[in-house]
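Asker: Structure file final06.csv (CSV, C-alpha atoms and all ligand atoms) right here:
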```csv
chain,number,residue,atom,x,y,z
A,1,MET,CA,-4.8,21.0,8.2
A,2,MET,CA,-2.1,21.3,10.8
A,3,THR,CA,-2.5,24.1,13.3
A,4,LYS,CA,0.4,26.3,14.1
A,5,ARG,CA,0.8,24.7,17.4
A,6,THR,CA,0.9,21.2,15.8
A,7,SER,CA,3.4,22.4,13.2
A,8,CYS,CA,5.7,23.7,16.0
A,9,ARG,CA,5.5,20.5,17.9
A,10,LEU,CA,6.4,18.5,14.8
A,11,SER,CA,9.3,20.8,14.0
A,12,LEU,CA,10.6,20.1,17.5
A,13,LEU,CA,10.2,16.4,17.0
A,14,THR,CA,12.2,16.8,13.8
A,15,LEU,CA,14.9,18.4,15.8
A,16,VAL,CA,14.8,15.7,18.4
A,17,ALA,CA,15.0,13.1,15.7
A,18,LEU,CA,18.0,14.8,14.2
A,19,LEU,CA,19.8,14.9,17.5
A,20,LEU,CA,19.1,11.3,18.1
A,21,LEU,CA,20.5,10.2,14.8
A,22,GLY,CA,24.1,9.9,15.8
A,23,ALA,CA,23.3,8.3,19.1
A,24,CYS,CA,21.4,5.3,17.9
A,25,LYS,CA,23.5,4.3,15.0
A,26,GLY,CA,24.5,0.6,14.9
A,27,ARG,CA,22.1,-0.5,17.6
A,28,ILE,CA,20.4,-3.3,15.6
A,29,GLN,CA,20.2,-6.5,17.5
A,30,PRO,CA,19.7,-9.5,15.2
A,31,LYS,CA,16.6,-11.6,16.0
A,32,MET,CA,15.4,-15.0,15.0
A,33,PRO,CA,16.0,-16.3,11.5
A,34,LEU,CA,13.2,-16.2,9.0
A,35,ASP,CA,11.1,-19.4,9.0
A,36,SER,CA,12.0,-21.1,5.8
A,37,THR,CA,9.1,-23.6,6.2
A,38,ALA,CA,6.6,-20.8,5.7
A,39,VAL,CA,4.2,-21.7,2.9
A,40,ASN,CA,4.2,-19.9,-0.4
A,41,THR,CA,1.7,-17.2,-0.5
A,42,GLU,CA,-0.1,-15.5,-3.3
A,43,GLY,CA,1.5,-12.1,-4.1
A,44,VAL,CA,4.8,-13.2,-2.6
A,45,VAL,CA,7.9,-14.4,-4.5
A,46,ARG,CA,10.8,-15.9,-2.6
A,47,GLU,CA,14.2,-16.0,-4.4
A,48,PRO,CA,17.4,-17.4,-2.8
A,49,HIS,CA,20.6,-15.4,-3.4
A,50,GLU,CA,24.1,-15.9,-2.1
A,51,GLY,CA,24.0,-15.0,1.6
A,52,PHE,CA,20.3,-13.9,1.8
A,53,GLU,CA,16.8,-14.5,0.5
A,54,LEU,CA,15.0,-11.8,-1.4
A,55,ILE,CA,11.3,-11.9,-0.8
A,56,THR,CA,9.1,-9.7,-3.0
A,57,ILE,CA,5.8,-8.9,-1.4
A,58,GLN,CA,3.0,-7.3,-3.4
A,59,ASP,CA,1.3,-4.8,-1.1
A,60,LYS,CA,-1.4,-4.1,-3.7
A,61,PRO,CA,-1.8,-4.8,-7.4
A,62,SER,CA,-1.9,-1.8,-9.7
A,63,ARG,CA,-1.9,-0.8,-13.4
A,64,ALA,CA,0.1,1.8,-15.3
A,65,THR,CA,-2.3,3.6,-17.6
A,66,ARG,CA,-2.0,6.5,-19.9
A,67,ASP,CA,-2.7,9.2,-17.3
A,68,LEU,CA,0.6,8.3,-15.8
A,69,PHE,CA,2.2,10.0,-18.8
A,70,ALA,CA,-0.3,12.7,-19.3
A,71,SER,CA,2.3,15.4,-20.0
A,72,TYR,CA,3.4,13.6,-23.3
A,73,PRO,CA,1.6,13.8,-26.6
A,74,ALA,CA,-1.3,11.3,-26.6
A,75,GLU,CA,-0.2,9.8,-29.9
A,76,LEU,CA,3.2,8.9,-28.5
A,77,ILE,CA,1.8,7.2,-25.4
A,78,ASP,CA,-1.0,5.5,-27.4
A,79,SER,CA,1.8,4.0,-29.6
A,80,LEU,CA,3.6,2.7,-26.5
A,81,LEU,CA,0.9,1.7,-24.0
A,82,PRO,CA,-2.1,-0.5,-24.7
A,83,ALA,CA,-5.5,1.1,-23.9
A,84,GLU,CA,-6.0,-1.1,-20.9
A,85,GLY,CA,-2.5,-0.2,-19.5
A,86,ILE,CA,-0.1,-2.7,-18.1
A,87,ALA,CA,0.0,-4.6,-14.9
A,88,THR,CA,2.3,-3.1,-12.2
A,89,GLY,CA,1.9,-3.1,-8.4
A,90,ILE,CA,3.1,-1.7,-5.2
A,91,ASN,CA,5.9,-3.9,-3.8
A,92,CYS,CA,8.0,-4.1,-0.7
A,93,PHE,CA,11.1,-6.3,-0.4
A,94,LEU,CA,12.4,-8.4,2.4
A,95,ILE,CA,16.1,-9.1,2.6
A,96,ALA,CA,16.5,-11.9,5.1
A,97,ASN,CA,19.1,-14.4,6.4
A,98,ASP,CA,19.9,-16.0,9.7
A,99,HIS,CA,21.2,-12.7,11.0
A,100,ILE,CA,18.8,-10.0,10.0
A,101,THR,CA,15.4,-9.3,8.5
A,102,VAL,CA,15.3,-6.0,6.6
A,103,LEU,CA,12.2,-4.6,4.9
A,104,VAL,CA,12.7,-2.2,2.0
A,105,ASP,CA,9.7,0.2,2.0
A,106,ALA,CA,6.5,-0.4,3.9
A,107,GLY,CA,3.8,0.1,1.2
A,108,LEU,CA,0.5,1.9,1.6
A,109,GLY,CA,-0.6,0.7,5.0
A,110,SER,CA,-3.7,-1.3,5.9
A,111,GLU,CA,-6.0,1.8,6.0
A,112,ALA,CA,-5.1,2.6,2.4
A,113,GLY,CA,-5.7,-1.1,1.3
A,114,GLY,CA,-2.1,-2.4,1.6
A,115,VAL,CA,-1.8,-6.1,2.7
A,116,LEU,CA,1.9,-6.1,3.7
A,117,LEU,CA,1.1,-7.1,7.3
A,118,GLU,CA,-1.1,-10.0,6.2
A,119,LYS,CA,1.6,-11.2,3.8
A,120,LEU,CA,4.2,-11.0,6.5
A,121,ALA,CA,1.9,-13.0,8.8
A,122,ALA,CA,1.5,-15.6,6.1
A,123,LEU,CA,5.3,-15.8,5.9
A,124,HIS,CA,5.4,-16.2,9.7
A,125,VAL,CA,7.2,-12.9,10.1
A,126,ARG,CA,5.9,-11.0,13.1
A,127,PRO,CA,6.2,-7.2,13.0
A,128,GLU,CA,8.7,-7.4,15.9
A,129,LYS,CA,10.9,-9.5,13.7
A,130,ILE,CA,11.7,-6.7,11.3
A,131,ASP,CA,15.1,-5.3,12.4
A,132,ALA,CA,15.2,-2.4,9.9
A,133,VAL,CA,13.1,-0.7,7.3
A,134,LEU,CA,15.0,1.0,4.6
A,135,LEU,CA,13.1,3.7,2.8
A,136,THR,CA,13.6,4.5,-0.9
A,137,HIS,CA,11.7,7.8,-0.4
A,138,PHE,CA,8.8,9.4,1.5
A,139,HIS,CA,5.8,9.0,-0.8
A,140,PRO,CA,2.7,7.6,0.9
A,141,ASP,CA,2.8,4.3,-1.0
A,142,HIS,CA,6.2,3.7,0.6
A,143,ILE,CA,5.9,5.0,4.1
A,144,GLY,CA,2.2,4.5,4.8
A,145,GLY,CA,2.7,1.0,6.1
A,146,LEU,CA,5.1,2.2,8.8
A,147,LEU,CA,2.0,3.1,10.9
A,148,HIS,CA,-0.7,0.8,12.0
A,149,ASN,CA,-3.6,1.7,14.3
A,150,GLY,CA,-2.1,5.0,15.1
A,151,GLY,CA,1.3,3.6,16.2
A,152,PRO,CA,4.4,2.1,14.7
A,153,ALA,CA,3.6,-1.0,12.6
A,154,PHE,CA,7.1,-2.4,13.4
A,155,PRO,CA,7.6,-1.7,17.1
A,156,THR,CA,11.3,-2.5,17.3
A,157,ALA,CA,12.5,-1.7,13.8
A,158,HIS,CA,15.1,0.9,13.0
A,159,ILE,CA,14.2,3.2,10.1
A,160,TYR,CA,16.7,4.3,7.5
A,161,ALA,CA,16.3,7.3,5.1
A,162,SER,CA,18.7,9.4,3.1
A,163,VAL,CA,19.7,12.9,4.4
A,164,PRO,CA,18.5,14.7,1.2
A,165,GLU,CA,15.0,13.0,1.5
A,166,PHE,CA,14.7,13.8,5.1
A,167,GLU,CA,15.8,17.4,4.6
A,168,ALA,CA,13.5,17.9,1.6
A,169,TRP,CA,10.4,16.8,3.5
A,170,THR,CA,11.2,18.5,6.8
A,171,GLN,CA,12.8,21.7,5.6
A,172,GLY,CA,12.3,22.2,1.9
A,173,GLU,CA,9.2,23.2,0.0
A,174,LEU,CA,7.7,19.7,0.6
A,175,ALA,CA,7.6,20.5,4.3
A,176,ALA,CA,4.2,22.2,3.7
A,177,ARG,CA,2.6,18.8,2.8
A,178,ASN,CA,4.5,16.5,5.1
A,179,GLU,CA,1.8,15.6,7.7
A,180,GLN,CA,2.1,11.9,7.0
A,181,VAL,CA,5.9,12.1,6.9
A,182,MET,CA,6.0,13.8,10.3
A,183,ALA,CA,3.6,11.3,11.8
A,184,MET,CA,6.0,8.6,10.6
A,185,LEU,CA,9.1,10.4,11.9
A,186,SER,CA,7.6,11.1,15.3
A,187,ASN,CA,6.6,7.5,15.8
A,188,TYR,CA,10.1,6.3,15.0
A,189,ALA,CA,12.1,9.3,16.3
A,190,GLU,CA,14.3,7.2,18.6
A,191,ARG,CA,15.1,4.6,16.0
A,192,LEU,CA,15.6,6.9,12.9
A,193,HIS,CA,18.9,6.8,11.0
A,194,LEU,CA,20.0,9.0,8.1
A,195,PHE,CA,22.5,7.9,5.5
A,196,MET,CA,24.5,9.4,2.7
A,197,ASP,CA,25.2,8.3,-0.8
A,198,GLY,CA,27.4,5.1,-0.8
A,199,ASP,CA,26.9,4.3,2.8
A,200,THR,CA,26.9,0.6,3.7
A,201,LEU,CA,23.9,0.3,6.1
A,202,MET,CA,24.0,-3.3,7.4
A,203,ASP,CA,24.6,-6.8,6.2
A,204,HIS,CA,26.4,-5.5,3.0
A,205,ILE,CA,23.4,-3.4,1.9
A,206,VAL,CA,24.7,-0.3,0.1
A,207,ALA,CA,22.6,2.9,-0.4
A,208,HIS,CA,22.9,4.7,-3.7
A,209,LEU,CA,21.3,8.1,-4.2
A,210,ALA,CA,19.3,8.3,-7.4
A,211,PRO,CA,17.4,11.6,-7.2
A,212,GLY,CA,14.7,12.8,-9.6
A,213,HIS,CA,11.6,10.9,-8.5
A,214,THR,CA,12.1,12.7,-5.2
A,215,PRO,CA,15.1,14.8,-4.0
A,216,GLY,CA,16.6,12.0,-1.9
A,217,HIS,CA,15.3,8.9,-3.8
A,218,THR,CA,17.5,6.0,-3.0
A,219,LEU,CA,18.4,2.6,-4.5
A,220,PHE,CA,19.7,-0.3,-2.4
A,221,GLU,CA,22.3,-2.8,-3.5
A,222,ARG,CA,22.7,-6.2,-1.8
A,223,GLY,CA,24.8,-8.9,-3.5
A,224,ASP,CA,23.6,-9.4,-7.1
A,225,VAL,CA,20.3,-7.4,-6.5
A,226,LEU,CA,19.6,-3.7,-7.1
A,227,ILE,CA,16.3,-2.5,-5.6
A,228,VAL,CA,15.5,0.6,-7.6
A,229,GLY,CA,12.4,2.1,-5.7
A,230,ASP,CA,10.4,4.2,-8.1
A,231,MET,CA,12.9,4.4,-10.9
A,232,PHE,CA,10.3,2.7,-13.1
A,233,HIS,CA,6.5,3.1,-13.1
A,234,ALA,CA,6.0,1.3,-16.3
A,235,ALA,CA,9.2,-0.7,-16.7
A,236,PRO,CA,8.7,-2.1,-20.2
A,237,LEU,CA,8.2,1.4,-21.6
A,238,GLN,CA,10.9,3.1,-19.6
A,239,THR,CA,13.6,0.6,-20.2
A,240,ALA,CA,13.0,1.0,-24.0
A,241,CYS,CA,12.6,4.8,-23.6
A,242,PRO,CA,14.3,6.0,-20.3
A,243,GLU,CA,13.4,9.6,-21.2
A,244,LEU,CA,9.8,8.9,-20.3
A,245,CYS,CA,8.9,10.1,-16.9
A,246,ALA,CA,5.8,9.2,-14.9
A,247,ARG,CA,3.9,12.2,-13.6
A,248,TYR,CA,5.1,11.4,-10.1
A,249,ASP,CA,8.8,12.2,-11.0
A,250,MET,CA,9.4,15.5,-9.3
A,251,ASP,CA,12.5,16.5,-11.3
A,252,THR,CA,12.2,14.9,-14.7
A,253,ALA,CA,15.7,15.7,-15.9
A,254,GLN,CA,17.3,14.2,-12.8
A,255,ALA,CA,15.0,11.2,-13.0
A,256,VAL,CA,16.1,10.4,-16.6
A,257,GLN,CA,19.7,10.8,-15.6
A,258,SER,CA,19.3,8.4,-12.7
A,259,ARG,CA,17.4,5.9,-14.8
A,260,VAL,CA,20.1,5.8,-17.4
A,261,LYS,CA,23.0,5.8,-15.0
A,262,TRP,CA,21.7,3.0,-12.7
A,263,THR,CA,20.4,0.8,-15.5
A,264,GLN,CA,23.8,0.9,-17.0
A,265,TYR,CA,25.4,0.3,-13.6
A,266,ALA,CA,23.2,-2.8,-13.1
A,267,ARG,CA,24.1,-4.1,-16.6
A,268,GLN,CA,27.9,-3.6,-16.0
A,269,HIS,CA,27.7,-5.4,-12.6
A,270,GLN,CA,25.3,-8.0,-13.8
A,271,LEU,CA,22.7,-7.1,-11.1
A,272,THR,CA,19.1,-8.1,-11.1
A,273,ILE,CA,17.0,-4.9,-11.0
A,274,VAL,CA,13.8,-5.1,-8.9
A,275,GLY,CA,11.4,-2.3,-8.4
A,276,MET,CA,8.5,-1.2,-6.2
A,277,HIS,CA,6.1,-0.7,-9.2
A,278,VAL,CA,7.0,-3.6,-11.3
A,279,ALA,CA,4.5,-6.5,-11.8
A,280,LEU,CA,5.4,-9.7,-9.9
A,281,PRO,CA,8.0,-11.1,-9.6
A,282,GLY,CA,9.1,-7.4,-9.5
A,283,VAL,CA,12.0,-7.9,-11.8
A,284,VAL,CA,12.9,-5.3,-14.5
A,285,GLN,CA,13.7,-7.2,-17.7
B,1,ZN,ZN,5.7,4.8,-5.5
```
Here is the file; what I need is its structure written in the form of structure tokens.
Answerer:
Amino acid sequence: MMTKRTSCRLSLLTLVALLLLGACKGRIQPKMPLDSTAVNTEGVVREPHEGFELITIQDKPSRATRDLFASYPAELIDSLLPAEGIATGINCFLIANDHITVLVDAGLGSEAGGVLLEKLAALHVRPEKIDAVLLTHFHPDHIGGLLHNGGPAFPTAHIYASVPEFEAWTQGELAARNEQVMAMLSNYAERLHLFMDGDTLMDHIVAHLAPGHTPGHTLFERGDVLIVGDMFHAAPLQTACPELCARYDMDTAQAVQSRVKWTQYARQHQLTIVGMHVALPGVVQ
């Protein structure tokens, strides 16, 4: 439980973070290119694209089981999902080229069983090498890995989140359960950037708001790839039946709208959809 004093301090930090937002925009300094000789690692998929490499890193394997869809009639879910569930996972993505190394979401964090840091080490990517971390949203399996041993896991990285996500967790009704979010924000307060729908963030990466899973849930488009965050929790079911919402979707009507809209968009623009809870290689078929 947060004491009143802690809560006040955190609110102040929020304010400080907000004030710093404008000041630190565009301060990313590119570092060394990614080591292309790094060996292939289990739980990692490297895929070359024009102008960048997409590296899918499985932070932790997982399964989608029927309790994910507990609000639907059991017969319906039984007819769609095998009793043992289907393989999913918790993924993070690296967008890397000679200029920049960008991590999209940071997974659970080591204390919660995430192995992102080990996988990065196997790829010869030191934490200092991460220039930016783009956040699809503020759930613990996406921001947990930003902290390590009580401090920032990526000591020089700039953190990017959408304005609506930031506001929802710092001012909205979610603010009551935002202890982990505030710890994350206060550790990165000087390097936090907020973006709006349609903003180009860096290296041709465009942010698209796709609310529903959370108020400011965001997708990131780079070249022929669309990273869709938590738009899918059981992709084979939800591509066939986009109306199905996992119990983690906060606004189900919006989540369905976003799922339909952005699946169509990806089809129209011939983009490969990859997701945070899609079994490796992380691609939505
Ligand atoms: Zn998630």
Asker: Name all residues at most 7 Å from range 217-222 of chain A (count only C-alpha atoms; drop same-chain ones fewer than 6 positions away) and give them as a list in words.
Answerer: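 Selected residues are Thr136, His137, Glu165, His204, Ile205, Val206, Ala207, His208, Leu209, Ala210, Pro211, Val228 and Gly229 of chain A.
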Asker: Expressed in Å to a single decimal, how great is the separation between CA of Gln238 in chain A and CA of Val260 in chain A?
Answerer: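 So the answer is 9.8 Å.
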Asker: Of the candidates A:Gly85, A:Pro73, A:Gly144, A:Gly113, which shows the shortest atom-to-atom distance to ligand ZN 1 (chain B), using only C-alpha atoms and all ligand atoms?
Answerer: A:Gly144
Asker: Using only C-alpha atoms and all ligand atoms, which residues of the polymer chains come no farther than 8 Å from ligand ZN 1 (chain B)? I'd like the answer as a list in words.
Answerer: Ile90, His139, Pro140, Asp141, His142, Gly229, Asp230, His233, Met276 and His277 of chain A
Asker: Select, from A:Pro127, A:Leu108, A:Leu147, A:His49, the residue with the minimum atom-to-atom distance to Leu271 in chain A, counting all atoms listed in the file.
Answerer: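 Once distances to Leu271 in chain A are computed over all atoms listed in the file, the minimum belongs to A:His49.
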Asker: State, in Å with one decimal place, the distance from CA of Glu47 in chain A to CA of Thr156 in chain A.
Answerer: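 Pair CA of Glu47 in chain A / CA of Thr156 in chain A returns 25.7 Å.
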Asker: Which of these, A:Trp169, A:Phe138, A:Tyr188, A:Phe195, has the shortest distance to Ala153 in chain A once you count all atoms listed in the file?
Answerer: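 Result for the nearest residue to Ala153 in chain A: A:Tyr188.
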Asker: Provide the CA of Glu42 in chain A to CA of Leu134 in chain A distance in Å, to one decimal place.
Answerer: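 These two atoms are separated by 23.7 Å.
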Asker: Go through A:Pro215, A:Pro155, A:Pro164, A:Pro281 and flag the residue nearest Arg191 in chain A, using only C-alpha atoms for the distances.
Answerer: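 Among A:Pro215, A:Pro155, A:Pro164, A:Pro281, it is A:Pro155 that comes nearest to Arg191 in chain A.
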Asker: Which of these, A:Ser71, A:Gly150, A:Glu84, A:Ala96, has the shortest distance to Ser110 in chain A once you count all atoms listed in the file?
Answerer: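 When distances to Ser110 in chain A are compared using all atoms listed in the file, the smallest one comes from A:Gly150.
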Asker: My list of candidates is A:Leu120, A:Val115, A:Leu103, A:Gln180. Which is closest to Val133 in chain A when distances are computed with only C-alpha atoms?
Answerer: A:Leu103
Asker: What's the 12 Å shell around Asn149 in chain A, counting only C-alpha atoms, without same-chain residues fewer than 6 positions away, as a list in words?
Answerer: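 Counting only C-alpha atoms, the residues come to Gly109, Ser110, Glu111 and Asn187 of chain A.
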